[in-house]
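Shown here: input.tsv, TSV, C-alpha atoms (C1' of nucleotides).
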```tsv
chain	number	residue	atom	x	y	z
A	1	MET	CA	60.58	-172.13	-135.38
A	2	TRP	CA	61.13	-168.67	-136.84
A	3	LEU	CA	61.30	-167.83	-140.55
A	4	PRO	CA	63.04	-164.79	-142.02
A	5	ILE	CA	59.94	-163.52	-143.78
A	6	ARG	CA	58.84	-159.92	-143.79
A	7	ILE	CA	55.64	-158.51	-145.18
A	8	ASP	CA	55.04	-154.93	-146.23
A	9	GLU	CA	51.51	-153.70	-145.61
A	10	GLN	CA	52.19	-150.76	-147.87
A	11	ARG	CA	52.70	-152.88	-150.98
A	12	PRO	CA	49.51	-153.28	-153.03
A	13	GLU	CA	50.55	-156.87	-153.72
A	14	PRO	CA	48.40	-159.32	-151.73
A	15	LEU	CA	49.77	-160.70	-148.48
A	16	TYR	CA	49.57	-164.35	-149.47
A	17	HIS	CA	51.72	-163.65	-152.50
A	18	GLN	CA	54.43	-161.82	-150.60
A	19	ILE	CA	54.65	-164.70	-148.14
A	20	GLU	CA	54.56	-167.34	-150.88
A	21	VAL	CA	57.43	-165.76	-152.80
A	22	GLN	CA	59.61	-165.57	-149.72
A	23	LEU	CA	58.84	-169.02	-148.35
A	24	ARG	CA	59.36	-170.53	-151.79
A	25	GLY	CA	62.69	-168.74	-151.86
A	26	LEU	CA	63.71	-170.20	-148.52
A	27	ILE	CA	62.94	-173.73	-149.69
A	28	LEU	CA	64.41	-173.47	-153.16
A	29	GLY	CA	67.33	-171.48	-151.80
A	30	GLY	CA	68.21	-174.38	-149.55
A	31	GLN	CA	67.79	-172.57	-146.23
A	32	LEU	CA	65.07	-175.06	-145.29
A	33	GLN	CA	66.09	-178.68	-145.70
A	34	GLU	CA	63.89	-181.59	-146.63
A	35	GLY	CA	61.81	-182.83	-143.74
A	36	THR	CA	62.04	-179.61	-141.76
A	37	MET	CA	58.82	-178.93	-139.91
A	38	LEU	CA	57.46	-175.51	-140.67
A	39	PRO	CA	55.74	-173.39	-138.01
A	40	SER	CA	52.05	-174.08	-137.60
A	41	ILE	CA	49.73	-171.85	-139.60
A	42	ARG	CA	48.66	-170.15	-136.39
A	43	GLU	CA	52.18	-169.59	-135.14
A	44	LEU	CA	53.36	-168.11	-138.43
A	45	ALA	CA	50.20	-166.01	-138.63
A	46	VAL	CA	50.97	-164.47	-135.25
A	47	GLY	CA	54.60	-163.91	-136.22
A	48	LEU	CA	53.64	-162.16	-139.46
A	49	LYS	CA	50.67	-160.37	-137.88
A	50	CYS	CA	48.16	-161.74	-140.36
A	51	SER	CA	45.34	-164.27	-140.32
A	52	ALA	CA	45.86	-168.03	-140.12
A	53	ILE	CA	43.72	-168.39	-143.22
A	54	THR	CA	46.23	-166.44	-145.23
A	55	ILE	CA	49.03	-168.76	-144.09
A	56	ARG	CA	46.82	-171.73	-144.83
A	57	ARG	CA	46.48	-170.53	-148.40
A	58	VAL	CA	50.24	-170.14	-148.70
A	59	TYR	CA	50.89	-173.66	-147.46
A	60	GLN	CA	48.16	-175.01	-149.73
A	61	ASP	CA	49.60	-173.31	-152.81
A	62	LEU	CA	53.13	-174.49	-152.05
A	63	GLU	CA	51.84	-177.99	-151.43
A	64	ASN	CA	50.21	-177.94	-154.87
A	65	GLU	CA	53.62	-177.03	-156.27
A	66	GLY	CA	55.09	-180.02	-154.45
A	67	LEU	CA	57.41	-177.92	-152.29
A	68	ILE	CA	55.89	-178.88	-148.94
A	69	ARG	CA	53.77	-181.67	-147.51
A	70	THR	CA	51.06	-181.15	-144.97
A	71	ARG	CA	49.64	-183.80	-142.66
A	72	GLN	CA	46.47	-182.99	-140.83
A	73	GLY	CA	46.82	-182.90	-137.09
A	74	THR	CA	50.61	-183.17	-137.28
A	75	GLY	CA	52.12	-180.26	-139.16
A	76	THR	CA	53.63	-179.05	-142.39
A	77	PHE	CA	56.99	-180.24	-143.69
A	78	VAL	CA	59.46	-179.27	-146.38
A	79	ALA	CA	59.50	-181.71	-149.29
A	80	GLY	CA	62.57	-182.76	-151.21
A	81	VAL	CA	63.72	-180.65	-154.14
A	82	GLU	CA	66.25	-181.51	-156.84
A	83	THR	CA	69.46	-179.52	-156.59
A	84	SER	CA	69.23	-178.56	-160.24
A	85	VAL	CA	65.76	-177.16	-159.69
A	86	ARG	CA	67.03	-175.09	-156.79
A	87	ASP	CA	69.91	-173.50	-158.70
A	88	GLU	CA	67.80	-172.75	-161.71
A	89	HIS	CA	65.15	-171.12	-159.58
A	90	ARG	CA	67.65	-168.99	-157.70
A	91	LEU	CA	69.20	-167.28	-160.72
A	92	GLU	CA	65.96	-167.05	-162.63
A	93	ARG	CA	64.14	-165.29	-159.84
A	94	ALA	CA	67.00	-162.90	-159.15
A	95	SER	CA	67.15	-161.96	-162.84
A	96	GLU	CA	63.42	-161.39	-162.93
A	97	GLU	CA	63.57	-158.98	-160.02
A	98	LEU	CA	66.52	-157.08	-161.43
A	99	GLU	CA	64.89	-156.80	-164.82
A	100	ARG	CA	61.74	-155.44	-163.29
A	101	ALA	CA	63.76	-152.76	-161.50
A	102	LEU	CA	65.66	-151.98	-164.70
A	103	GLU	CA	62.44	-151.51	-166.65
A	104	ALA	CA	61.07	-149.24	-163.95
A	105	GLY	CA	64.22	-147.16	-164.00
A	106	LEU	CA	64.19	-146.78	-167.76
A	107	GLN	CA	60.56	-145.72	-167.68
A	108	LEU	CA	61.60	-143.02	-165.21
A	109	HIS	CA	64.03	-141.74	-167.84
A	110	CYS	CA	67.13	-142.80	-165.98
A	111	THR	CA	70.14	-143.59	-168.14
A	112	PHE	CA	71.79	-147.00	-168.16
A	113	ASP	CA	74.84	-145.51	-166.48
A	114	GLU	CA	72.76	-143.81	-163.80
A	115	LEU	CA	71.04	-147.08	-162.96
A	116	GLU	CA	74.27	-149.04	-162.88
A	117	GLY	CA	75.78	-146.40	-160.61
A	118	LEU	CA	72.76	-146.38	-158.32
A	119	PHE	CA	72.86	-150.14	-158.03
A	120	ARG	CA	76.57	-150.19	-157.26
A	121	ASP	CA	76.05	-147.61	-154.53
A	122	LEU	CA	73.19	-149.59	-153.04
A	123	ILE	CA	75.35	-152.70	-152.93
A	124	ARG	CA	78.25	-150.86	-151.32
A	125	ARG	CA	75.98	-149.38	-148.68
A	126	LYS	CA	74.39	-152.76	-148.02
A	127	LYS	CA	77.77	-154.45	-147.74
A	128	ASP	CA	78.95	-151.89	-145.21
A	129	SER	CA	75.83	-152.11	-143.08
A	130	LYS	CA	76.05	-155.91	-143.09
A	131	GLU	CA	79.69	-155.90	-141.98
A	132	GLY	CA	78.93	-153.28	-139.36
A	133	SER	CA	76.13	-155.30	-137.81
A	134	SER	CA	77.90	-158.67	-137.71
B	1	MET	CA	46.71	-139.43	-177.56
B	2	TRP	CA	48.65	-142.55	-176.74
B	3	LEU	CA	50.56	-143.25	-173.53
B	4	PRO	CA	53.47	-145.69	-173.18
B	5	ILE	CA	51.83	-147.70	-170.42
B	6	ARG	CA	51.82	-151.45	-170.26
B	7	ILE	CA	49.98	-153.63	-167.78
B	8	ASP	CA	50.87	-157.19	-166.85
B	9	GLU	CA	47.87	-159.39	-166.09
B	10	GLN	CA	50.17	-161.96	-164.49
B	11	ARG	CA	51.34	-159.63	-161.71
B	12	PRO	CA	49.31	-160.03	-158.50
B	13	GLU	CA	49.51	-156.26	-158.07
B	14	PRO	CA	46.16	-154.58	-158.84
B	15	LEU	CA	45.67	-153.00	-162.27
B	16	TYR	CA	44.91	-149.52	-161.00
B	17	HIS	CA	48.20	-149.47	-159.15
B	18	GLN	CA	50.30	-150.56	-162.12
B	19	ILE	CA	48.75	-147.82	-164.21
B	20	GLU	CA	49.12	-145.23	-161.47
B	21	VAL	CA	52.81	-145.92	-161.02
B	22	GLN	CA	53.48	-145.62	-164.73
B	23	LEU	CA	51.37	-142.53	-165.35
B	24	ARG	CA	52.86	-140.85	-162.30
B	25	GLY	CA	56.26	-141.67	-163.74
B	26	LEU	CA	55.36	-140.09	-167.07
B	27	ILE	CA	54.27	-136.86	-165.39
B	28	LEU	CA	57.07	-136.61	-162.85
B	29	GLY	CA	59.55	-137.80	-165.45
B	30	GLY	CA	58.64	-134.81	-167.61
B	31	GLN	CA	57.34	-136.77	-170.62
B	32	LEU	CA	53.96	-135.12	-170.15
B	33	GLN	CA	54.08	-131.35	-169.87
B	34	GLU	CA	51.79	-129.09	-167.86
B	35	GLY	CA	48.44	-128.54	-169.52
B	36	THR	CA	48.64	-131.65	-171.69
B	37	MET	CA	45.23	-133.22	-172.10
B	38	LEU	CA	45.28	-136.87	-171.15
B	39	PRO	CA	43.26	-139.45	-173.08
B	40	SER	CA	39.66	-139.79	-171.92
B	41	ILE	CA	39.05	-142.49	-169.36
B	42	ARG	CA	37.20	-144.51	-172.01
B	43	GLU	CA	39.93	-144.15	-174.61
B	44	LEU	CA	42.67	-145.18	-172.21
B	45	ALA	CA	40.53	-148.04	-170.93
B	46	VAL	CA	40.20	-149.43	-174.45
B	47	GLY	CA	43.91	-148.98	-175.09
B	48	LEU	CA	44.87	-150.82	-171.91
B	49	LYS	CA	42.09	-153.39	-172.28
B	50	CYS	CA	40.55	-152.66	-168.90
B	51	SER	CA	37.43	-150.97	-167.57
B	52	ALA	CA	36.82	-147.23	-167.67
B	53	ILE	CA	36.18	-147.32	-163.93
B	54	THR	CA	39.69	-148.52	-163.29
B	55	ILE	CA	41.09	-145.58	-165.25
B	56	ARG	CA	38.74	-143.27	-163.40
B	57	ARG	CA	40.22	-144.43	-160.12
B	58	VAL	CA	43.73	-143.79	-161.45
B	59	TYR	CA	42.86	-140.25	-162.52
B	60	GLN	CA	41.11	-139.63	-159.23
B	61	ASP	CA	44.08	-140.81	-157.16
B	62	LEU	CA	46.53	-138.73	-159.19
B	63	GLU	CA	44.25	-135.73	-158.89
B	64	ASN	CA	44.27	-136.13	-155.11
B	65	GLU	CA	48.05	-136.08	-155.32
B	66	GLY	CA	47.80	-132.84	-157.28
B	67	LEU	CA	49.46	-134.26	-160.37
B	68	ILE	CA	46.47	-133.83	-162.70
B	69	ARG	CA	43.31	-131.78	-162.87
B	70	THR	CA	40.01	-133.11	-164.14
B	71	ARG	CA	37.06	-131.04	-165.35
B	72	GLN	CA	33.77	-132.78	-165.86
B	73	GLY	CA	32.55	-132.66	-169.41
B	74	THR	CA	35.89	-131.39	-170.66
B	75	GLY	CA	38.72	-133.75	-169.89
B	76	THR	CA	41.72	-134.45	-167.70
B	77	PHE	CA	44.88	-132.36	-167.79
B	78	VAL	CA	48.41	-132.57	-166.48
B	79	ALA	CA	49.03	-130.14	-163.62
B	80	GLY	CA	52.23	-128.21	-163.06
B	81	VAL	CA	55.01	-129.86	-161.07
B	82	GLU	CA	58.14	-128.26	-159.65
B	83	THR	CA	61.33	-129.32	-161.39
B	84	SER	CA	62.93	-130.16	-158.07
B	85	VAL	CA	60.01	-132.44	-157.21
B	86	ARG	CA	60.42	-134.21	-160.54
B	87	ASP	CA	64.12	-134.91	-160.16
B	88	GLU	CA	63.74	-136.02	-156.59
B	89	HIS	CA	60.96	-138.39	-157.50
B	90	ARG	CA	62.87	-139.85	-160.41
B	91	LEU	CA	65.95	-140.93	-158.45
B	92	GLU	CA	64.00	-141.91	-155.37
B	93	ARG	CA	61.69	-144.22	-157.26
B	94	ALA	CA	64.52	-145.80	-159.23
B	95	SER	CA	66.47	-146.44	-156.03
B	96	GLU	CA	63.42	-147.98	-154.41
B	97	GLU	CA	62.96	-150.42	-157.25
B	98	LEU	CA	66.62	-151.38	-157.35
B	99	GLU	CA	66.72	-151.87	-153.61
B	100	ARG	CA	63.70	-154.13	-153.74
B	101	ALA	CA	65.41	-156.24	-156.36
B	102	LEU	CA	68.62	-156.29	-154.33
B	103	GLU	CA	66.78	-157.48	-151.23
B	104	ALA	CA	65.05	-160.19	-153.22
B	105	GLY	CA	68.36	-161.35	-154.66
B	106	LEU	CA	70.02	-161.49	-151.25
B	107	GLN	CA	67.13	-163.46	-149.84
B	108	LEU	CA	67.70	-165.94	-152.68
B	109	HIS	CA	71.26	-166.36	-151.40
B	110	CYS	CA	72.89	-164.65	-154.34
B	111	THR	CA	76.20	-162.93	-153.61
B	112	PHE	CA	76.72	-159.22	-154.12
B	113	ASP	CA	79.05	-159.94	-157.01
B	114	GLU	CA	76.58	-162.29	-158.64
B	115	LEU	CA	73.86	-159.65	-158.49
B	116	GLU	CA	76.10	-156.90	-159.80
B	117	GLY	CA	77.15	-159.16	-162.67
B	118	LEU	CA	73.58	-160.14	-163.45
B	119	PHE	CA	72.53	-156.51	-163.54
B	120	ARG	CA	75.39	-155.51	-165.81
B	121	ASP	CA	74.48	-158.31	-168.20
B	122	LEU	CA	70.85	-157.26	-168.22
B	123	ILE	CA	71.84	-153.69	-169.04
B	124	ARG	CA	74.15	-154.79	-171.83
B	125	ARG	CA	71.45	-156.98	-173.33
B	126	LYS	CA	68.91	-154.17	-173.05
B	127	LYS	CA	71.24	-151.67	-174.64
B	128	ASP	CA	71.87	-153.99	-177.58
B	129	SER	CA	68.20	-154.71	-178.16
B	130	LYS	CA	67.39	-150.99	-178.02
B	131	GLU	CA	70.06	-150.07	-180.55
B	132	GLY	CA	68.98	-152.92	-182.78
B	133	SER	CA	65.36	-151.80	-182.84
B	134	SER	CA	65.98	-148.08	-183.36
C	1	DT	C1'	40.36	-191.13	-122.70
C	2	DA	C1'	41.25	-186.44	-121.92
C	3	DT	C1'	43.58	-182.65	-123.69
C	4	DA	C1'	46.20	-179.76	-126.30
C	5	DG	C1'	48.35	-179.45	-130.41
C	6	DT	C1'	47.69	-179.66	-135.53
C	7	DG	C1'	45.20	-178.70	-140.17
C	8	DT	C1'	40.25	-178.04	-142.37
C	9	DG	C1'	35.63	-176.15	-143.69
C	10	DT	C1'	31.99	-172.54	-143.63
C	11	DA	C1'	30.31	-167.85	-143.36
C	12	DT	C1'	31.36	-162.92	-143.53
C	13	DA	C1'	33.53	-158.36	-144.55
C	14	DA	C1'	36.50	-155.49	-147.35
C	15	DC	C1'	38.48	-154.51	-151.69
C	16	DA	C1'	39.27	-154.73	-156.93
C	17	DA	C1'	37.32	-154.74	-161.36
C	18	DT	C1'	33.50	-154.56	-164.20
C	19	DA	C1'	28.99	-153.18	-166.84
C	20	DT	C1'	25.51	-150.05	-167.13
C	21	DA	C1'	23.01	-145.86	-166.71
C	22	DC	C1'	23.47	-141.00	-165.62
C	23	DA	C1'	24.98	-135.81	-165.53
C	24	DC	C1'	27.77	-132.14	-167.34
C	25	DA	C1'	30.34	-129.18	-171.08
C	26	DC	C1'	30.92	-127.63	-175.41
C	27	DA	C1'	30.54	-127.23	-180.54
C	28	DT	C1'	27.22	-126.96	-184.21
C	29	DG	C1'	23.46	-125.35	-186.79
C	30	DA	C1'	18.61	-123.97	-187.12
D	1	DT	C1'	19.19	-118.09	-178.65
D	2	DC	C1'	18.30	-122.45	-178.15
D	3	DA	C1'	18.02	-127.26	-179.15
D	4	DT	C1'	20.78	-131.22	-179.68
D	5	DG	C1'	24.65	-134.46	-180.57
D	6	DT	C1'	28.92	-136.04	-179.05
D	7	DG	C1'	32.37	-135.81	-176.21
D	8	DT	C1'	33.65	-135.71	-171.20
D	9	DG	C1'	33.54	-137.29	-166.13
D	10	DT	C1'	30.21	-139.55	-162.38
D	11	DA	C1'	27.29	-142.81	-159.63
D	12	DT	C1'	25.20	-147.36	-158.63
D	13	DA	C1'	24.90	-152.35	-158.59
D	14	DT	C1'	27.19	-156.82	-159.51
D	15	DT	C1'	30.87	-160.25	-159.63
D	16	DG	C1'	35.19	-162.23	-158.23
D	17	DT	C1'	39.30	-162.04	-155.13
D	18	DT	C1'	41.53	-161.29	-150.70
D	19	DA	C1'	41.51	-161.45	-145.74
D	20	DT	C1'	39.21	-162.62	-141.68
D	21	DA	C1'	36.68	-165.12	-137.51
D	22	DC	C1'	34.84	-169.10	-135.73
D	23	DA	C1'	33.56	-173.79	-135.29
D	24	DC	C1'	35.08	-178.51	-136.62
D	25	DA	C1'	38.04	-182.82	-137.34
D	26	DC	C1'	42.28	-185.27	-136.95
D	27	DT	C1'	46.76	-186.63	-134.37
D	28	DA	C1'	49.90	-187.19	-130.69
D	29	DT	C1'	50.73	-187.80	-126.00
D	30	DA	C1'	50.19	-187.97	-121.03
```
When written as structure tokens, how does the structure in this file appear?
Amino acid sequence: MWLPIRIDEQRPEPLYHQIEVQLRGLILGGQLQEGTMLPSIRELAVGLKCSAITIRRVYQDLENEGLIRTRQGTGTFVAGVETSVRDEHRLERASEELERALEAGLQLHCTFDELEGLFRDLIRRKKDSKEGSS
Amino acid sequence: MWLPIRIDEQRPEPLYHQIEVQLRGLILGGQLQEGTMLPSIRELAVGLKCSAITIRRVYQDLENEGLIRTRQGTGTFVAGVETSVRDEHRLERASEELERALEAGLQLHCTFDELEGLFRDLIRRKKDSKEGSS
DNA sequence: TATAGTGTGTATAACAATATACACACATGA
DNA sequence: TCATGTGTGTATATTGTTATACACACTATA
């Protein structure tokens, strides 16, 4: 099993948090359905080039949130999530990220129009590259 | 001397980095002119409710980047920066932040249009609150 | 029951943040 | 001119967090 998770060593944010955010997104975004068996902590650790302990922490945290269930000796599985919870999470998280970027831009003395233009350009470029690759 | 820097204890990102990013932005953004004396490490530490050592690290890192100059027993001062460097930094950093947010949104299965709409709404709301407070 | 897969617990190293004590520069006044 | 007080940056030791390696326990299956 492979998961579309990417970590950035350059970011000062701790590894476990980067992984948590993305895995949480995959579950709440609906890409991983209830009952799906996740990769073993070792397997994912190799894939992400980090230690198994770090993955263990991620799984433990997400289990405490009720998003996954882990059974010793067997594996780790995606738990069931209410649809309403999923939708709410999706928009809320996206807004949070955008707002953070907006704040950063304003602090850099960019104008509202500059930022809106920059964002539109980024989206256009991303759209094109996506179509080109598919 | 007061600096418009705010730190967020909730973020997993280390304190010194949050402060560095913002202070670097103030210098490269042109809000702090060459020769300006920055607050003492103690003063800024009190203002940001963190330790003086953390501020020391920030000043030290920025000095290694050549953005500030520190003289023992005297204080810490803003160094000169080329205008071209400033402008480049400004747009580059803003784009980086926006792209990060865009990536996060896409990973949450938002559509391009959804994200563009969300961002426009955020900007409108921000504009309104800014006008209201000024 | 042997074995190979899984998650779990303990000990260790590196890093972040802090408190505390120290060294230097400069203004002030004898 | 020199002592000294108050500001500045600097160095060391301590605590908590993050990431790791290694040994252990549980589960499934041949």
Once chain B is superposed on chain A with a least-squares fit on all C-alpha pairs taken in order, can you show it as a short mmCIF file (atom, residue, chain, number, x, y, z; two decimals) with C-alpha atoms, in the coordinates of the input?
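Final output, part_39.cif:
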```cif
data_model
loop_
_atom_site.label_atom_id
_atom_site.label_comp_id
_atom_site.auth_asym_id
_atom_site.auth_seq_id
_atom_site.Cartn_x
_atom_site.Cartn_y
_atom_site.Cartn_z
CA MET B 1 60.65 -172.31 -135.38
CA TRP B 2 61.17 -168.86 -136.80
CA LEU B 3 61.33 -167.92 -140.48
CA PRO B 4 63.08 -164.84 -141.89
CA ILE B 5 59.98 -163.53 -143.64
CA ARG B 6 58.90 -159.94 -143.62
CA ILE B 7 55.70 -158.50 -145.02
CA ASP B 8 55.14 -154.91 -146.08
CA GLU B 9 51.63 -153.63 -145.43
CA GLN B 10 52.29 -150.67 -147.73
CA ARG B 11 52.80 -152.81 -150.84
CA PRO B 12 49.60 -153.19 -152.90
CA GLU B 13 50.61 -156.80 -153.54
CA PRO B 14 48.45 -159.23 -151.52
CA LEU B 15 49.85 -160.63 -148.27
CA TYR B 16 49.60 -164.27 -149.26
CA HIS B 17 51.72 -163.60 -152.31
CA GLN B 18 54.48 -161.78 -150.43
CA ILE B 19 54.72 -164.67 -148.00
CA GLU B 20 54.61 -167.27 -150.76
CA VAL B 21 57.46 -165.68 -152.67
CA GLN B 22 59.64 -165.52 -149.58
CA LEU B 23 58.88 -169.00 -148.28
CA ARG B 24 59.38 -170.45 -151.74
CA GLY B 25 62.72 -168.67 -151.80
CA LEU B 26 63.72 -170.18 -148.47
CA ILE B 27 62.94 -173.70 -149.69
CA LEU B 28 64.41 -173.40 -153.17
CA GLY B 29 67.32 -171.42 -151.78
CA GLY B 30 68.21 -174.37 -149.57
CA GLN B 31 67.79 -172.61 -146.21
CA LEU B 32 65.09 -175.11 -145.31
CA GLN B 33 66.08 -178.73 -145.77
CA GLU B 34 63.87 -181.65 -146.75
CA GLY B 35 61.77 -182.93 -143.88
CA THR B 36 62.00 -179.72 -141.85
CA MET B 37 58.78 -179.07 -140.00
CA LEU B 38 57.46 -175.61 -140.73
CA PRO B 39 55.80 -173.52 -138.03
CA SER B 40 52.09 -174.21 -137.58
CA ILE B 41 49.79 -171.96 -139.54
CA ARG B 42 48.72 -170.30 -136.27
CA GLU B 43 52.26 -169.75 -135.06
CA LEU B 44 53.39 -168.22 -138.33
CA ALA B 45 50.24 -166.11 -138.48
CA VAL B 46 51.02 -164.61 -135.09
CA GLY B 47 54.64 -164.03 -136.06
CA LEU B 48 53.68 -162.24 -139.27
CA LYS B 49 50.72 -160.46 -137.67
CA CYS B 50 48.19 -161.81 -140.14
CA SER B 51 45.38 -164.35 -140.13
CA ALA B 52 45.88 -168.10 -139.95
CA ILE B 53 43.77 -168.45 -143.08
CA THR B 54 46.25 -166.43 -145.06
CA ILE B 55 49.06 -168.75 -143.99
CA ARG B 56 46.87 -171.72 -144.80
CA ARG B 57 46.51 -170.46 -148.34
CA VAL B 58 50.28 -170.06 -148.61
CA TYR B 59 50.91 -173.62 -147.43
CA GLN B 60 48.20 -174.91 -149.72
CA ASP B 61 49.63 -173.15 -152.79
CA LEU B 62 53.15 -174.37 -152.04
CA GLU B 63 51.84 -177.87 -151.50
CA ASN B 64 50.20 -177.76 -154.93
CA GLU B 65 53.60 -176.81 -156.31
CA GLY B 66 55.05 -179.85 -154.56
CA LEU B 67 57.38 -177.82 -152.37
CA ILE B 68 55.85 -178.85 -149.04
CA ARG B 69 53.71 -181.63 -147.66
CA THR B 70 50.99 -181.12 -145.09
CA ARG B 71 49.47 -183.79 -142.85
CA GLN B 72 46.34 -182.94 -140.95
CA GLY B 73 46.76 -183.11 -137.23
CA THR B 74 50.53 -183.37 -137.53
CA GLY B 75 52.05 -180.42 -139.30
CA THR B 76 53.58 -179.12 -142.50
CA PHE B 77 56.94 -180.30 -143.81
CA VAL B 78 59.42 -179.28 -146.46
CA ALA B 79 59.44 -181.66 -149.42
CA GLY B 80 62.52 -182.73 -151.34
CA VAL B 81 63.69 -180.56 -154.22
CA GLU B 82 66.26 -181.39 -156.88
CA THR B 83 69.48 -179.41 -156.57
CA SER B 84 69.29 -178.43 -160.22
CA VAL B 85 65.78 -177.06 -159.69
CA ARG B 86 67.03 -175.00 -156.76
CA ASP B 87 69.91 -173.39 -158.60
CA GLU B 88 67.82 -172.68 -161.64
CA HIS B 89 65.14 -171.06 -159.56
CA ARG B 90 67.61 -168.94 -157.65
CA LEU B 91 69.20 -167.24 -160.66
CA GLU B 92 65.98 -167.03 -162.61
CA ARG B 93 64.12 -165.27 -159.83
CA ALA B 94 66.97 -162.87 -159.15
CA SER B 95 67.19 -161.98 -162.83
CA GLU B 96 63.46 -161.41 -162.98
CA GLU B 97 63.57 -158.98 -160.10
CA LEU B 98 66.54 -157.09 -161.48
CA GLU B 99 64.97 -156.87 -164.90
CA ARG B 100 61.78 -155.47 -163.44
CA ALA B 101 63.78 -152.80 -161.67
CA LEU B 102 65.74 -152.06 -164.85
CA GLU B 103 62.55 -151.62 -166.85
CA ALA B 104 61.13 -149.32 -164.21
CA GLY B 105 64.30 -147.24 -164.22
CA LEU B 106 64.31 -146.92 -168.00
CA GLN B 107 60.68 -145.88 -168.00
CA LEU B 108 61.68 -143.13 -165.55
CA HIS B 109 64.15 -141.89 -168.17
CA CYS B 110 67.23 -142.90 -166.24
CA THR B 111 70.28 -143.75 -168.35
CA PHE B 112 71.94 -147.15 -168.26
CA ASP B 113 74.96 -145.64 -166.57
CA GLU B 114 72.84 -143.90 -163.96
CA LEU B 115 71.12 -147.16 -163.09
CA GLU B 116 74.34 -149.13 -162.94
CA GLY B 117 75.83 -146.47 -160.67
CA LEU B 118 72.77 -146.40 -158.44
CA PHE B 119 72.86 -150.16 -158.08
CA ARG B 120 76.55 -150.21 -157.24
CA ASP B 121 75.99 -147.58 -154.57
CA LEU B 122 73.11 -149.53 -153.10
CA ILE B 123 75.27 -152.65 -152.91
CA ARG B 124 78.13 -150.79 -151.28
CA ARG B 125 75.80 -149.28 -148.71
CA LYS B 126 74.23 -152.66 -148.03
CA LYS B 127 77.58 -154.35 -147.66
CA ASP B 128 78.71 -151.73 -145.15
CA SER B 129 75.55 -151.96 -143.07
CA LYS B 130 75.78 -155.76 -143.02
CA GLU B 131 79.40 -155.76 -141.87
CA GLY B 132 78.61 -153.14 -139.27
CA SER B 133 75.77 -155.16 -137.76
CA SER B 134 77.52 -158.54 -137.71
#
```
Expected answer as a PDB file with C-alpha atoms, in the frame of the given file: chain A residues within 7 Å of chain B, only C-alpha atoms:
```
ATOM      1  CA  PRO A  12      49.510-153.280-153.030  1.00  0.00           C
ATOM      2  CA  GLU A  13      50.550-156.870-153.720  1.00  0.00           C
ATOM      3  CA  PRO A  14      48.400-159.320-151.730  1.00  0.00           C
ATOM      4  CA  GLY A  25      62.690-168.740-151.860  1.00  0.00           C
ATOM      5  CA  GLY A  29      67.330-171.480-151.800  1.00  0.00           C
ATOM      6  CA  ARG A  90      67.650-168.990-157.700  1.00  0.00           C
ATOM      7  CA  ALA A  94      67.000-162.900-159.150  1.00  0.00           C
ATOM      8  CA  SER A  95      67.150-161.960-162.840  1.00  0.00           C
ATOM      9  CA  GLU A  97      63.570-158.980-160.020  1.00  0.00           C
ATOM     10  CA  LEU A  98      66.520-157.080-161.430  1.00  0.00           C
ATOM     11  CA  GLU A  99      64.890-156.800-164.820  1.00  0.00           C
ATOM     12  CA  ALA A 101      63.760-152.760-161.500  1.00  0.00           C
ATOM     13  CA  ALA A 104      61.070-149.240-163.950  1.00  0.00           C
ATOM     14  CA  GLY A 105      64.220-147.160-164.000  1.00  0.00           C
ATOM     15  CA  LEU A 108      61.600-143.020-165.210  1.00  0.00           C
ATOM     16  CA  HIS A 109      64.030-141.740-167.840  1.00  0.00           C
ATOM     17  CA  PHE A 112      71.790-147.000-168.160  1.00  0.00           C
ATOM     18  CA  LEU A 118      72.760-146.380-158.320  1.00  0.00           C
ATOM     19  CA  PHE A 119      72.860-150.140-158.030  1.00  0.00           C
ATOM     20  CA  LEU A 122      73.190-149.590-153.040  1.00  0.00           C
ATOM     21  CA  ILE A 123      75.350-152.700-152.930  1.00  0.00           C
TER      22      ILE A 123
END
```
Residue list for chain B near chain C as a list in words, 7 Å, only C-alpha atoms (C1' of nucleotides)
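The complete set of qualifying residues is Ser51, Thr54, Gln72, Gly73 and Thr74 of chain B.
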Nearest to chain D, chosen from B:Arg56, B:Lys130, B:Lys49, B:Arg125, with all atoms listed in the file counted in the distances
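Looking only at the distances to chain D, the closest residue turns out to be B:Arg56.
Checking A:Ala45, A:Ile19, A:Leu62, A:Ala52 one by one against chain D, counting only C-alpha atoms (C1' of nucleotides), you find the shortest gap at A:Ala52.
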Chain B contacts on chain D, all atoms listed in the file, 8 Å, as a PyMOL selection string:
chain D and resi 7-9
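Taking C1' of DG5 (chain D) and CA of Gly47 (chain B) as the two end points, the separation is 24.7 Å.
Going from CA of Leu48 (chain B) to CA of Ile7 (chain B) covers 7.1 Å.
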For the atom pair CA of Gly35 (chain B) and CA of Ile68 (chain B), what is the interatomic distance in Å to one decimal place?
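A separation of 8.9 Å between them.
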